[in-house]
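The next block is entry_8.csv, given as CSV, C-alpha atoms.
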```
chain,number,residue,atom,x,y,z
A,292,MET,CA,236.7,110.0,106.4
A,293,LYS,CA,233.0,109.5,106.9
A,294,GLU,CA,232.0,113.1,106.4
A,295,LEU,CA,233.6,113.2,102.9
A,296,GLU,CA,232.2,109.8,101.9
A,297,ASP,CA,228.7,110.9,103.0
A,298,ARG,CA,229.0,114.1,101.0
A,299,ILE,CA,230.2,112.2,97.9
A,300,ARG,CA,227.2,109.8,98.2
A,301,ARG,CA,224.8,112.8,98.7
A,302,ASP,CA,226.2,115.3,96.2
A,303,GLY,CA,228.6,113.4,93.9
A,304,VAL,CA,227.3,112.5,90.4
A,305,VAL,CA,228.6,109.5,88.5
A,306,LYS,CA,228.9,110.0,84.7
A,307,PRO,CA,229.7,107.5,82.0
A,308,GLY,CA,233.4,107.0,81.4
A,309,ASN,CA,234.3,106.7,85.1
A,310,VAL,CA,233.8,110.4,85.7
A,311,LEU,CA,232.8,111.4,89.3
A,312,LYS,CA,231.6,115.0,89.5
A,313,VAL,CA,232.1,116.6,92.9
A,314,ASP,CA,232.0,120.1,91.6
A,315,GLY,CA,229.2,121.0,94.1
A,316,PHE,CA,231.5,121.0,97.1
A,317,LEU,CA,235.1,120.2,96.0
A,318,ASN,CA,236.4,121.6,92.8
A,319,HIS,CA,234.1,124.4,91.4
A,320,GLN,CA,232.0,125.3,94.3
A,321,CYS,CA,233.9,124.8,97.6
A,322,ASP,CA,232.6,123.9,101.0
A,323,VAL,CA,235.2,125.5,103.2
A,324,ALA,CA,233.9,123.9,106.4
A,325,LEU,CA,234.4,120.5,104.8
A,326,PHE,CA,237.9,121.6,103.6
A,327,ASP,CA,238.7,122.6,107.2
A,328,ASP,CA,237.6,119.2,108.5
A,329,MET,CA,239.7,117.5,105.8
A,330,GLY,CA,242.7,119.6,106.9
A,331,ALA,CA,242.2,118.6,110.5
A,332,GLN,CA,242.0,115.0,109.5
A,333,TRP,CA,245.3,115.1,107.6
A,334,ALA,CA,246.9,116.9,110.5
A,335,ARG,CA,245.9,113.9,112.7
A,336,ILE,CA,247.1,111.4,110.2
A,337,PHE,CA,250.4,113.1,109.5
A,338,ALA,CA,250.9,114.2,113.1
A,339,GLY,CA,254.3,112.5,113.5
A,340,LYS,CA,255.8,114.1,110.4
A,341,ARG,CA,257.7,117.3,109.9
A,342,VAL,CA,255.9,119.5,107.4
A,343,ASP,CA,257.7,122.7,106.4
A,344,LYS,CA,255.5,123.4,103.4
A,345,ILE,CA,252.5,122.2,101.5
A,346,LEU,CA,252.8,121.8,97.7
A,347,THR,CA,249.7,121.6,95.5
A,348,ILE,CA,248.7,122.3,91.9
A,349,GLU,CA,246.3,124.8,90.5
A,350,ALA,CA,243.4,125.2,90.6
A,351,SER,CA,241.4,122.7,92.6
A,352,GLY,CA,244.1,121.9,95.1
A,353,ILE,CA,244.6,125.4,96.3
A,354,GLY,CA,241.6,125.9,98.5
A,355,ILE,CA,242.0,122.5,100.1
A,356,ALA,CA,245.7,123.1,100.7
A,357,CYS,CA,245.2,126.6,102.1
A,358,LEU,CA,242.7,125.4,104.7
A,359,ALA,CA,244.9,122.3,105.5
A,360,ALA,CA,247.9,124.6,106.1
A,361,ARG,CA,246.1,126.2,109.1
A,362,HIS,CA,246.2,122.8,110.8
A,363,PHE,CA,250.0,122.4,110.1
A,364,GLY,CA,251.1,125.6,112.0
A,365,ASP,CA,250.3,127.9,109.1
A,366,VAL,CA,253.1,126.6,106.9
A,367,PRO,CA,253.4,128.2,103.5
A,368,VAL,CA,251.4,126.7,100.6
A,369,VAL,CA,253.0,126.7,97.2
A,370,PHE,CA,250.8,126.0,94.2
A,371,ALA,CA,252.4,124.7,91.0
A,372,LYS,CA,251.3,126.7,88.0
A,373,LYS,CA,250.1,125.2,84.7
A,374,THR,CA,250.8,128.1,82.4
A,375,GLN,CA,253.7,130.4,81.9
A,376,SER,CA,253.2,134.1,82.7
A,377,ILE,CA,255.2,137.2,82.3
A,378,ASN,CA,255.0,137.4,86.1
A,379,LEU,CA,256.7,134.1,86.5
A,380,GLU,CA,260.2,134.8,85.1
A,381,GLY,CA,263.4,133.5,86.6
A,382,ASP,CA,264.6,130.1,87.6
A,383,GLN,CA,261.8,127.5,87.6
A,384,TYR,CA,261.4,123.8,88.1
A,385,VAL,CA,259.3,122.6,85.1
A,386,THR,CA,257.9,119.2,84.2
A,387,THR,CA,255.1,118.1,81.8
A,388,VAL,CA,252.1,116.0,82.6
A,389,TYR,CA,249.1,114.7,80.7
A,390,SER,CA,245.6,115.5,81.9
A,391,PHE,CA,242.9,113.1,81.0
A,392,THR,CA,240.2,115.6,82.0
A,393,LYS,CA,241.7,118.3,79.9
A,394,GLN,CA,242.8,115.8,77.2
A,395,ARG,CA,246.2,117.5,76.7
A,396,GLU,CA,249.7,117.9,78.1
A,397,PHE,CA,250.4,120.9,80.3
A,398,PRO,CA,253.5,122.1,82.1
A,399,VAL,CA,253.8,122.0,85.9
A,400,ILE,CA,255.9,125.0,87.1
A,401,VAL,CA,257.3,126.0,90.5
A,402,ALA,CA,259.7,128.9,91.0
A,403,LYS,CA,262.9,127.5,92.4
A,404,LYS,CA,263.0,130.1,95.2
A,405,PHE,CA,259.8,128.5,96.7
A,406,LEU,CA,261.1,124.9,97.0
A,407,ALA,CA,264.5,124.3,98.6
A,408,ALA,CA,266.7,121.2,99.0
A,409,GLY,CA,266.0,119.5,102.3
A,410,GLU,CA,262.6,121.1,102.8
A,411,HIS,CA,260.0,118.6,104.1
A,412,VAL,CA,256.9,118.8,102.0
A,413,LEU,CA,253.4,117.5,102.1
A,414,LEU,CA,251.7,117.2,98.7
A,415,ILE,CA,248.0,117.8,98.6
A,416,ASP,CA,245.5,117.5,95.7
A,417,ASP,CA,241.7,117.1,95.3
A,418,PHE,CA,241.8,114.0,93.1
A,419,LEU,CA,244.0,111.0,92.5
A,420,ALA,CA,243.1,108.8,89.5
A,421,ASN,CA,246.0,108.0,87.1
A,422,GLY,CA,248.4,110.0,89.3
A,423,LYS,CA,249.8,112.1,86.5
A,424,ALA,CA,249.4,115.5,88.3
A,425,MET,CA,250.9,114.0,91.5
A,426,GLN,CA,253.8,112.5,89.5
A,427,GLY,CA,254.4,116.0,88.2
A,428,LEU,CA,254.6,117.4,91.7
A,429,ILE,CA,256.9,114.5,92.8
A,430,ASP,CA,259.2,115.3,89.8
A,431,ILE,CA,259.4,118.9,90.9
A,432,CYS,CA,260.3,117.9,94.5
A,433,THR,CA,263.0,115.5,93.2
A,434,LYS,CA,264.5,118.2,91.0
A,435,ALA,CA,264.5,120.5,94.1
A,436,GLY,CA,265.9,117.9,96.5
A,437,ALA,CA,262.8,118.4,98.7
A,438,ILE,CA,261.7,115.5,101.0
A,439,ILE,CA,258.2,114.2,100.5
A,440,GLU,CA,256.7,113.4,103.9
A,441,GLY,CA,253.4,112.4,102.5
A,442,ILE,CA,250.6,112.8,100.0
A,443,GLY,CA,247.1,113.9,101.1
A,444,ILE,CA,244.3,113.3,98.6
A,445,ALA,CA,240.7,114.2,99.0
A,446,VAL,CA,239.1,111.6,96.6
A,447,GLU,CA,241.1,108.7,95.2
A,448,LYS,CA,239.6,106.5,92.4
A,449,GLY,CA,240.9,103.2,93.8
A,450,PHE,CA,240.1,101.4,90.6
A,451,GLN,CA,242.5,103.6,88.6
A,452,PRO,CA,246.3,103.0,88.9
A,453,GLY,CA,247.6,106.2,90.5
A,454,GLY,CA,247.3,105.2,94.2
A,455,ALA,CA,248.8,101.8,93.8
A,456,MET,CA,251.7,103.2,91.7
A,457,LEU,CA,252.5,105.9,94.4
A,458,ARG,CA,252.2,103.4,97.3
A,459,LYS,CA,254.4,100.9,95.5
A,460,ALA,CA,257.0,103.7,95.0
A,461,GLY,CA,257.0,104.1,98.8
A,462,TYR,CA,255.0,107.2,99.3
A,463,ASP,CA,252.6,107.6,102.3
A,464,VAL,CA,249.4,108.3,100.4
A,465,GLU,CA,246.5,109.2,102.6
A,466,SER,CA,243.2,109.5,100.7
A,467,LEU,CA,240.2,110.7,102.7
A,468,ALA,CA,237.8,108.8,100.5
A,469,ILE,CA,238.7,105.9,98.2
A,470,VAL,CA,236.1,105.0,95.6
A,471,THR,CA,236.4,101.3,94.8
A,472,SER,CA,233.6,101.2,92.3
A,473,MET,CA,230.8,103.4,90.8
A,474,ASP,CA,228.0,102.9,88.4
A,475,SER,CA,226.7,105.7,86.2
A,476,GLU,CA,223.4,103.9,85.6
A,477,THR,CA,222.4,103.5,89.2
A,478,GLY,CA,224.5,106.3,90.7
A,479,THR,CA,225.9,103.8,93.2
A,480,ILE,CA,229.3,104.7,94.7
A,481,LYS,CA,231.3,102.3,96.9
A,482,PHE,CA,234.2,103.1,99.1
A,483,ALA,CA,237.1,101.1,100.5
B,622,MET,CA,245.5,147.3,105.8
B,623,LYS,CA,248.8,147.9,107.4
B,624,GLU,CA,249.8,144.2,107.7
B,625,LEU,CA,249.4,143.8,103.9
B,626,GLU,CA,251.1,147.1,103.0
B,627,ASP,CA,254.1,146.2,105.3
B,628,ARG,CA,254.3,142.8,103.7
B,629,ILE,CA,254.3,144.2,100.2
B,630,ARG,CA,257.0,146.7,101.2
B,631,ARG,CA,259.1,143.9,102.7
B,632,ASP,CA,258.6,141.1,100.2
B,633,GLY,CA,257.1,142.7,97.1
B,634,VAL,CA,259.4,143.3,94.1
B,635,VAL,CA,258.9,146.0,91.6
B,636,LYS,CA,259.8,145.1,88.0
B,637,PRO,CA,260.0,147.3,84.9
B,638,GLY,CA,256.6,147.7,83.1
B,639,ASN,CA,254.6,148.3,86.3
B,640,VAL,CA,254.9,144.7,87.4
B,641,LEU,CA,254.6,144.2,91.1
B,642,LYS,CA,255.6,140.7,92.1
B,643,VAL,CA,254.0,139.4,95.3
B,644,ASP,CA,254.5,135.7,94.5
B,645,GLY,CA,256.3,135.1,97.8
B,646,PHE,CA,253.1,135.4,99.9
B,647,LEU,CA,250.1,136.0,97.7
B,648,ASN,CA,249.9,134.3,94.3
B,649,HIS,CA,252.5,131.5,94.0
B,650,GLN,CA,253.5,130.9,97.6
B,651,CYS,CA,250.6,131.7,100.0
B,652,ASP,CA,250.8,133.0,103.5
B,653,VAL,CA,247.6,131.5,105.0
B,654,ALA,CA,247.8,133.5,108.3
B,655,LEU,CA,247.9,136.7,106.2
B,656,PHE,CA,245.0,135.4,104.1
B,657,ASP,CA,243.1,134.8,107.3
B,658,ASP,CA,243.7,138.3,108.5
B,659,MET,CA,242.6,139.7,105.1
B,660,GLY,CA,239.4,137.7,105.4
B,661,ALA,CA,238.7,139.0,108.9
B,662,GLN,CA,239.3,142.6,107.6
B,663,TRP,CA,236.8,142.1,104.7
B,664,ALA,CA,234.3,140.7,107.2
B,665,ARG,CA,234.6,143.9,109.2
B,666,ILE,CA,234.3,146.1,106.2
B,667,PHE,CA,231.4,144.3,104.6
B,668,ALA,CA,229.7,143.6,108.0
B,669,GLY,CA,226.4,145.2,107.1
B,670,LYS,CA,226.0,143.3,103.8
B,671,ARG,CA,224.3,140.0,103.1
B,672,VAL,CA,226.7,137.6,101.5
B,673,ASP,CA,225.3,134.3,100.4
B,674,LYS,CA,228.4,133.3,98.3
B,675,ILE,CA,231.9,134.3,97.4
B,676,LEU,CA,232.8,134.3,93.7
B,677,THR,CA,236.4,134.4,92.6
B,678,ILE,CA,238.5,133.3,89.6
B,679,GLU,CA,241.2,130.7,89.4
B,680,ALA,CA,243.9,130.4,90.4
B,681,SER,CA,245.2,133.1,92.7
B,682,GLY,CA,241.9,134.1,94.0
B,683,ILE,CA,241.0,130.7,95.4
B,684,GLY,CA,243.1,130.5,98.5
B,685,ILE,CA,242.2,134.1,99.5
B,686,ALA,CA,238.5,133.5,98.9
B,687,CYS,CA,238.4,130.2,100.8
B,688,LEU,CA,240.0,131.7,103.9
B,689,ALA,CA,237.8,134.8,103.7
B,690,ALA,CA,234.7,132.5,103.5
B,691,ARG,CA,235.4,131.3,107.0
B,692,HIS,CA,234.7,134.8,108.2
B,693,PHE,CA,231.4,135.1,106.4
B,694,GLY,CA,229.8,132.1,108.1
B,695,ASP,CA,231.4,129.5,105.8
B,696,VAL,CA,229.4,130.6,102.8
B,697,PRO,CA,230.2,128.6,99.6
B,698,VAL,CA,233.1,129.8,97.4
B,699,VAL,CA,232.7,129.4,93.7
B,700,PHE,CA,235.7,129.9,91.5
B,701,ALA,CA,235.3,130.7,87.8
B,702,LYS,CA,237.3,128.5,85.5
B,703,LYS,CA,239.5,129.7,82.7
B,704,THR,CA,239.6,126.5,80.6
B,705,GLN,CA,236.9,124.1,79.4
B,706,SER,CA,237.1,120.5,80.8
B,707,ILE,CA,235.2,117.3,80.0
B,708,ASN,CA,234.1,117.5,83.7
B,709,LEU,CA,232.5,120.9,83.2
B,710,GLU,CA,229.7,120.0,80.8
B,711,GLY,CA,226.2,121.4,81.0
B,712,ASP,CA,224.8,124.8,81.3
B,713,GLN,CA,227.4,127.5,81.9
B,714,TYR,CA,227.7,131.2,82.1
B,715,VAL,CA,230.7,132.1,79.8
B,716,THR,CA,232.4,135.4,79.0
B,717,THR,CA,235.8,136.3,77.6
B,718,VAL,CA,238.4,138.6,79.1
B,719,TYR,CA,241.9,139.7,78.1
B,720,SER,CA,244.8,139.1,80.5
B,721,PHE,CA,247.7,141.5,80.3
B,722,THR,CA,249.9,139.1,82.3
B,723,LYS,CA,249.2,136.1,80.1
B,724,GLN,CA,248.9,138.3,77.0
B,725,ARG,CA,246.0,136.5,75.6
B,726,GLU,CA,242.2,136.2,75.9
B,727,PHE,CA,240.7,133.5,78.0
B,728,PRO,CA,237.2,132.3,78.9
B,729,VAL,CA,235.6,132.9,82.3
B,730,ILE,CA,233.2,130.0,83.0
B,731,VAL,CA,230.8,129.3,85.9
B,732,ALA,CA,228.3,126.4,85.9
B,733,LYS,CA,224.8,127.9,86.0
B,734,LYS,CA,223.8,125.7,88.9
B,735,PHE,CA,226.3,127.4,91.2
B,736,LEU,CA,225.1,131.0,90.7
B,737,ALA,CA,221.4,131.7,91.0
B,738,ALA,CA,219.3,134.8,90.4
B,739,GLY,CA,218.9,136.8,93.5
B,740,GLU,CA,221.9,135.4,95.3
B,741,HIS,CA,224.0,138.1,97.1
B,742,VAL,CA,227.6,137.7,96.0
B,743,LEU,CA,230.9,139.1,97.3
B,744,LEU,CA,233.6,139.1,94.5
B,745,ILE,CA,237.2,138.5,95.7
B,746,ASP,CA,240.4,138.6,93.8
B,747,ASP,CA,244.1,139.0,94.5
B,748,PHE,CA,244.8,141.8,92.1
B,749,LEU,CA,243.0,144.7,90.5
B,750,ALA,CA,244.8,146.5,87.7
B,751,ASN,CA,242.9,147.0,84.5
B,752,GLY,CA,239.9,145.3,85.9
B,753,LYS,CA,239.4,142.8,83.1
B,754,ALA,CA,239.1,139.7,85.2
B,755,MET,CA,236.8,141.5,87.6
B,756,GLN,CA,234.7,142.7,84.7
B,757,GLY,CA,234.4,139.1,83.6
B,758,LEU,CA,233.0,138.1,87.0
B,759,ILE,CA,230.6,141.0,86.9
B,760,ASP,CA,229.4,139.9,83.5
B,761,ILE,CA,228.8,136.4,84.8
B,762,CYS,CA,226.8,137.8,87.8
B,763,THR,CA,224.8,140.0,85.5
B,764,LYS,CA,223.9,137.0,83.3
B,765,ALA,CA,222.9,135.0,86.4
B,766,GLY,CA,220.9,137.8,87.9
B,767,ALA,CA,223.0,137.7,91.1
B,768,ILE,CA,223.4,140.8,93.3
B,769,ILE,CA,226.9,142.0,93.7
B,770,GLU,CA,227.2,143.2,97.3
B,771,GLY,CA,230.9,144.2,97.1
B,772,ILE,CA,234.3,143.6,95.6
B,773,GLY,CA,237.2,142.6,97.9
B,774,ILE,CA,240.7,143.1,96.4
B,775,ALA,CA,244.0,142.3,98.1
B,776,VAL,CA,246.2,144.6,96.0
B,777,GLU,CA,244.9,147.4,93.8
B,778,LYS,CA,247.2,149.2,91.4
B,779,GLY,CA,245.7,152.6,91.9
B,780,PHE,CA,247.5,154.1,88.9
B,781,GLN,CA,245.7,151.7,86.5
B,782,PRO,CA,242.1,152.2,85.6
B,783,GLY,CA,240.3,149.2,87.0
B,784,GLY,CA,239.5,150.5,90.5
B,785,ALA,CA,238.2,153.9,89.2
B,786,MET,CA,236.1,152.2,86.5
B,787,LEU,CA,234.4,149.9,89.0
B,788,ARG,CA,233.8,152.6,91.6
B,789,LYS,CA,232.3,154.9,88.9
B,790,ALA,CA,230.0,152.0,87.9
B,791,GLY,CA,228.8,152.0,91.5
B,792,TYR,CA,230.5,149.0,93.0
B,793,ASP,CA,231.7,149.0,96.6
B,794,VAL,CA,235.4,148.1,95.9
B,795,GLU,CA,237.4,147.5,99.1
B,796,SER,CA,241.1,147.0,98.3
B,797,LEU,CA,243.2,146.1,101.3
B,798,ALA,CA,246.3,147.8,99.8
B,799,ILE,CA,246.2,150.4,97.1
B,800,VAL,CA,249.6,151.1,95.4
B,801,THR,CA,249.6,154.6,94.1
B,802,SER,CA,253.1,154.6,92.6
B,803,MET,CA,256.1,152.3,92.4
B,804,ASP,CA,259.6,152.6,91.0
B,805,SER,CA,261.5,149.6,89.6
B,806,GLU,CA,264.9,151.4,89.9
B,807,THR,CA,264.6,152.2,93.6
B,808,GLY,CA,262.1,149.5,94.6
B,809,THR,CA,260.0,152.2,96.3
B,810,ILE,CA,256.3,151.4,96.7
B,811,LYS,CA,253.8,154.1,97.8
B,812,PHE,CA,250.3,153.4,99.1
B,813,ALA,CA,247.1,155.5,99.2
```
Serialized structure, structure tokens:
Amino acid sequence: MKELEDRIRRDGVVKPGNVLKVDGFLNHQCDVALFDDMGAQWARIFAGKRVDKILTIEASGIGIACLAARHFGDVPVVFAKKTQSINLEGDQYVTTVYSFTKQREFPVIVAKKFLAAGEHVLLIDDFLANGKAMQGLIDICTKAGAIIEGIGIAVEKGFQPGGAMLRKAGYDVESLAIVTSMDSETGTIKFA
Amino acid sequence: MKELEDRIRRDGVVKPGNVLKVDGFLNHQCDVALFDDMGAQWARIFAGKRVDKILTIEASGIGIACLAARHFGDVPVVFAKKTQSINLEGDQYVTTVYSFTKQREFPVIVAKKFLAAGEHVLLIDDFLANGKAMQGLIDICTKAGAIIEGIGIAVEKGFQPGGAMLRKAGYDVESLAIVTSMDSETGTIKFA
């Protein structure tokens, strides 16, 4: 998606250690007009699919998923939680994933009442690198018996294994920008 | 806002200990059409105010704030983070708040580059009870020299002190539903 690639080129910052900071428009400060365009693009890409619900994970996926849902007939958005809460009692699907950016394991939690067997689900997240968070959402869907129609990613780091792993497993992964290489010294970012 | 009150009456669940669960449409599963209507309502209420930016806090505020921003001319949404990350280096505004639902203290973090002195800010969150999270956002704005134009809340628990505290301090707090009492035995919920 040219608009997203142009924005990454303009406002993205490459840091040593393969870190791409897009916090100016994607995951700390949010450009909602861009999010809306991203949602429209996923709606075009996944037009032939049945989508009953969008599943994402807190925190950065939520805004993107909520604006995308408007383009899928206002389907409900469920966001997986990463911490237990006294307000989140009752039957839950829980799995555990490792975060490289947070450098620790965390739980991925969805209340069972919000994901039913046979529901057709679109998974959405802001980033795909090693695919750990997405694997957590897939585990949750598998436990629930939900049907994964596709995976919408804003920015995929194509040089890390998450995308290849998910596509090899048969998932329809649609990343709006796939970074193939980046250089923290020159700031150069290349896309697929 | 009648639509939100009706929805709370229909789908909200009152639990012992003054817990009101609205996770079916507000803060675990999200009804984006409702969020859009809430955003339109805040835009009417705050119509005379200058809003350069919407500030909220992860995670439940994000979806609401992103849909609201569409009604404020697509202003940027900044969400305060509750955990440090290797992707969040650099100058930050940080304060600490206590969460009753999580039963622990947590940091509230906003990168300095996303909140500037003199910016006119609308604060948005899903819930207002004791006002601790909102006080954290206010602290951040005070440190930044940002001007708080108003505070938009989805559900205020009117029998807890947060709303009164903020209004006494002079803030324009606009809660779309104010619960004045609730009863976990009968499930009754009364609004202001």
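The smallest atom-to-atom distance between chain B and any of A:Leu311, A:Ile299, A:Ala460, A:Ile444, using all atoms listed in the file, is found for A:Leu311.
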For this session: Give me, as a ChimeraX atom specification, the contact residues of chain A against chain B at a cut-off of 8 Å, counting all atoms listed in the file.
Result: /A:310,312,315,319-324,349-350,353-354,357-358,360-361,365-372,375-378,392-393,405
Problem set entry | Distance query A:Thr347 at most 6 Å, all atoms listed in the file, self and fewer than 6 positions along chain excluded, as a VMD selection string | chain A and resid 370 414 to 416
Exercise. For A:Ala455, which of A:Ile469, A:Ala334, A:Ala424, A:Cys432 is the closest residue, counting all atoms listed in the file?
Worked result: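 Among the listed residues, the smallest separation from A:Ala455 belongs to A:Ile469.
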Exercise. At what distance in Å, to one decimal, does atom CA of A:Lys434 lie from atom CA of A:Gln451?
Worked result: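 Atom CA of A:Gln451 sits 26.5 Å away from atom CA of A:Lys434.
One distance worth recording is that between atom CA of B:Ile761 and atom CA of B:Val715, which is 6.9 Å.
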Seminar exercise, completed: A straight line from atom CA of A:Ile400 to atom CA of A:Ile439 spans 17.4 Å
Step by step, gather every atom of stretch 408-423 of chain A that the file lists, find the box along x, y and z that holds them, add 6 Å on each side, and finally give centre and edge lengths in Å to one decimal, as AutoDock Vina command-line options.
```
--center_x 254.2 --center_y 114.6 --center_z 95.3 --size_x 37.0 --size_y 25.2 --size_z 29.6
```
Just stretch 715-784 of chain B from the block, C-alpha atoms, as an mmCIF file, in the first residue's frame, could you?
```cif
data_model
loop_
_atom_site.group_PDB
_atom_site.id
_atom_site.type_symbol
_atom_site.label_atom_id
_atom_site.label_comp_id
_atom_site.auth_asym_id
_atom_site.auth_seq_id
_atom_site.Cartn_x
_atom_site.Cartn_y
_atom_site.Cartn_z
ATOM 1 C CA VAL B 715 6.200 9.654 33.141
ATOM 2 C CA THR B 716 3.893 9.555 36.117
ATOM 3 C CA THR B 717 2.576 6.745 38.311
ATOM 4 C CA VAL B 718 -1.030 5.842 39.073
ATOM 5 C CA TYR B 719 -2.762 3.186 41.117
ATOM 6 C CA SER B 720 -5.280 0.891 39.418
ATOM 7 C CA PHE B 721 -8.054 -0.568 41.550
ATOM 8 C CA THR B 722 -8.991 -3.104 38.883
ATOM 9 C CA LYS B 723 -5.403 -4.298 38.427
ATOM 10 C CA GLN B 724 -4.655 -3.767 42.134
ATOM 11 C CA ARG B 725 -1.206 -2.368 41.541
ATOM 12 C CA GLU B 726 0.630 0.790 40.572
ATOM 13 C CA PHE B 727 1.629 1.288 36.974
ATOM 14 C CA PRO B 728 3.507 3.959 35.048
ATOM 15 C CA VAL B 729 1.805 6.291 32.566
ATOM 16 C CA ILE B 730 4.237 7.165 29.780
ATOM 17 C CA VAL B 731 4.024 9.565 26.831
ATOM 18 C CA ALA B 732 6.965 10.375 24.552
ATOM 19 C CA LYS B 733 7.720 14.088 24.836
ATOM 20 C CA LYS B 734 7.708 14.561 21.062
ATOM 21 C CA PHE B 735 4.001 13.685 20.921
ATOM 22 C CA LEU B 736 2.747 16.286 23.405
ATOM 23 C CA ALA B 737 3.868 19.879 23.041
ATOM 24 C CA ALA B 738 3.498 23.001 25.166
ATOM 25 C CA GLY B 739 0.452 24.975 24.062
ATOM 26 C CA GLU B 740 -1.278 22.086 22.327
ATOM 27 C CA HIS B 741 -5.018 21.922 22.998
ATOM 28 C CA VAL B 742 -5.894 18.425 24.138
ATOM 29 C CA LEU B 743 -9.085 16.456 24.645
ATOM 30 C CA LEU B 744 -8.694 13.592 27.122
ATOM 31 C CA ILE B 745 -10.798 10.494 26.489
ATOM 32 C CA ASP B 746 -11.225 7.283 28.455
ATOM 33 C CA ASP B 747 -13.748 4.474 28.746
ATOM 34 C CA PHE B 748 -14.317 4.666 32.509
ATOM 35 C CA LEU B 749 -14.154 7.222 35.287
ATOM 36 C CA ALA B 750 -14.414 5.893 38.831
ATOM 37 C CA ASN B 751 -11.744 7.073 41.261
ATOM 38 C CA GLY B 752 -10.120 9.170 38.567
ATOM 39 C CA LYS B 753 -6.617 7.805 39.038
ATOM 40 C CA ALA B 754 -5.910 7.072 35.360
ATOM 41 C CA MET B 755 -7.341 10.453 34.314
ATOM 42 C CA GLN B 756 -5.225 12.191 36.966
ATOM 43 C CA GLY B 757 -2.220 10.486 35.396
ATOM 44 C CA LEU B 758 -3.086 11.943 31.980
ATOM 45 C CA ILE B 759 -3.615 15.377 33.542
ATOM 46 C CA ASP B 760 -0.199 15.144 35.235
ATOM 47 C CA ILE B 761 1.359 14.339 31.864
ATOM 48 C CA CYS B 762 -0.381 17.331 30.230
ATOM 49 C CA THR B 763 0.743 19.603 33.065
ATOM 50 C CA LYS B 764 4.351 18.477 32.657
ATOM 51 C CA ALA B 765 4.092 19.091 28.899
ATOM 52 C CA GLY B 766 2.407 22.488 29.212
ATOM 53 C CA ALA B 767 -0.515 21.239 27.110
ATOM 54 C CA ILE B 768 -3.945 22.852 27.524
ATOM 55 C CA ILE B 769 -6.754 20.502 28.565
ATOM 56 C CA GLU B 770 -9.892 21.562 26.702
ATOM 57 C CA GLY B 771 -12.096 18.862 28.126
ATOM 58 C CA ILE B 772 -12.446 15.297 29.328
ATOM 59 C CA GLY B 773 -14.712 12.857 27.502
ATOM 60 C CA ILE B 774 -15.708 9.753 29.439
ATOM 61 C CA ALA B 775 -17.906 6.914 28.222
ATOM 62 C CA VAL B 776 -19.116 5.575 31.589
ATOM 63 C CA GLU B 777 -18.754 7.501 34.848
ATOM 64 C CA LYS B 778 -19.480 5.860 38.160
ATOM 65 C CA GLY B 779 -21.129 8.883 39.727
ATOM 66 C CA PHE B 780 -21.026 7.368 43.208
ATOM 67 C CA GLN B 781 -17.222 7.240 43.178
ATOM 68 C CA PRO B 782 -15.162 10.397 43.662
ATOM 69 C CA GLY B 783 -13.350 10.842 40.327
ATOM 70 C CA GLY B 784 -15.928 12.965 38.500
#
```
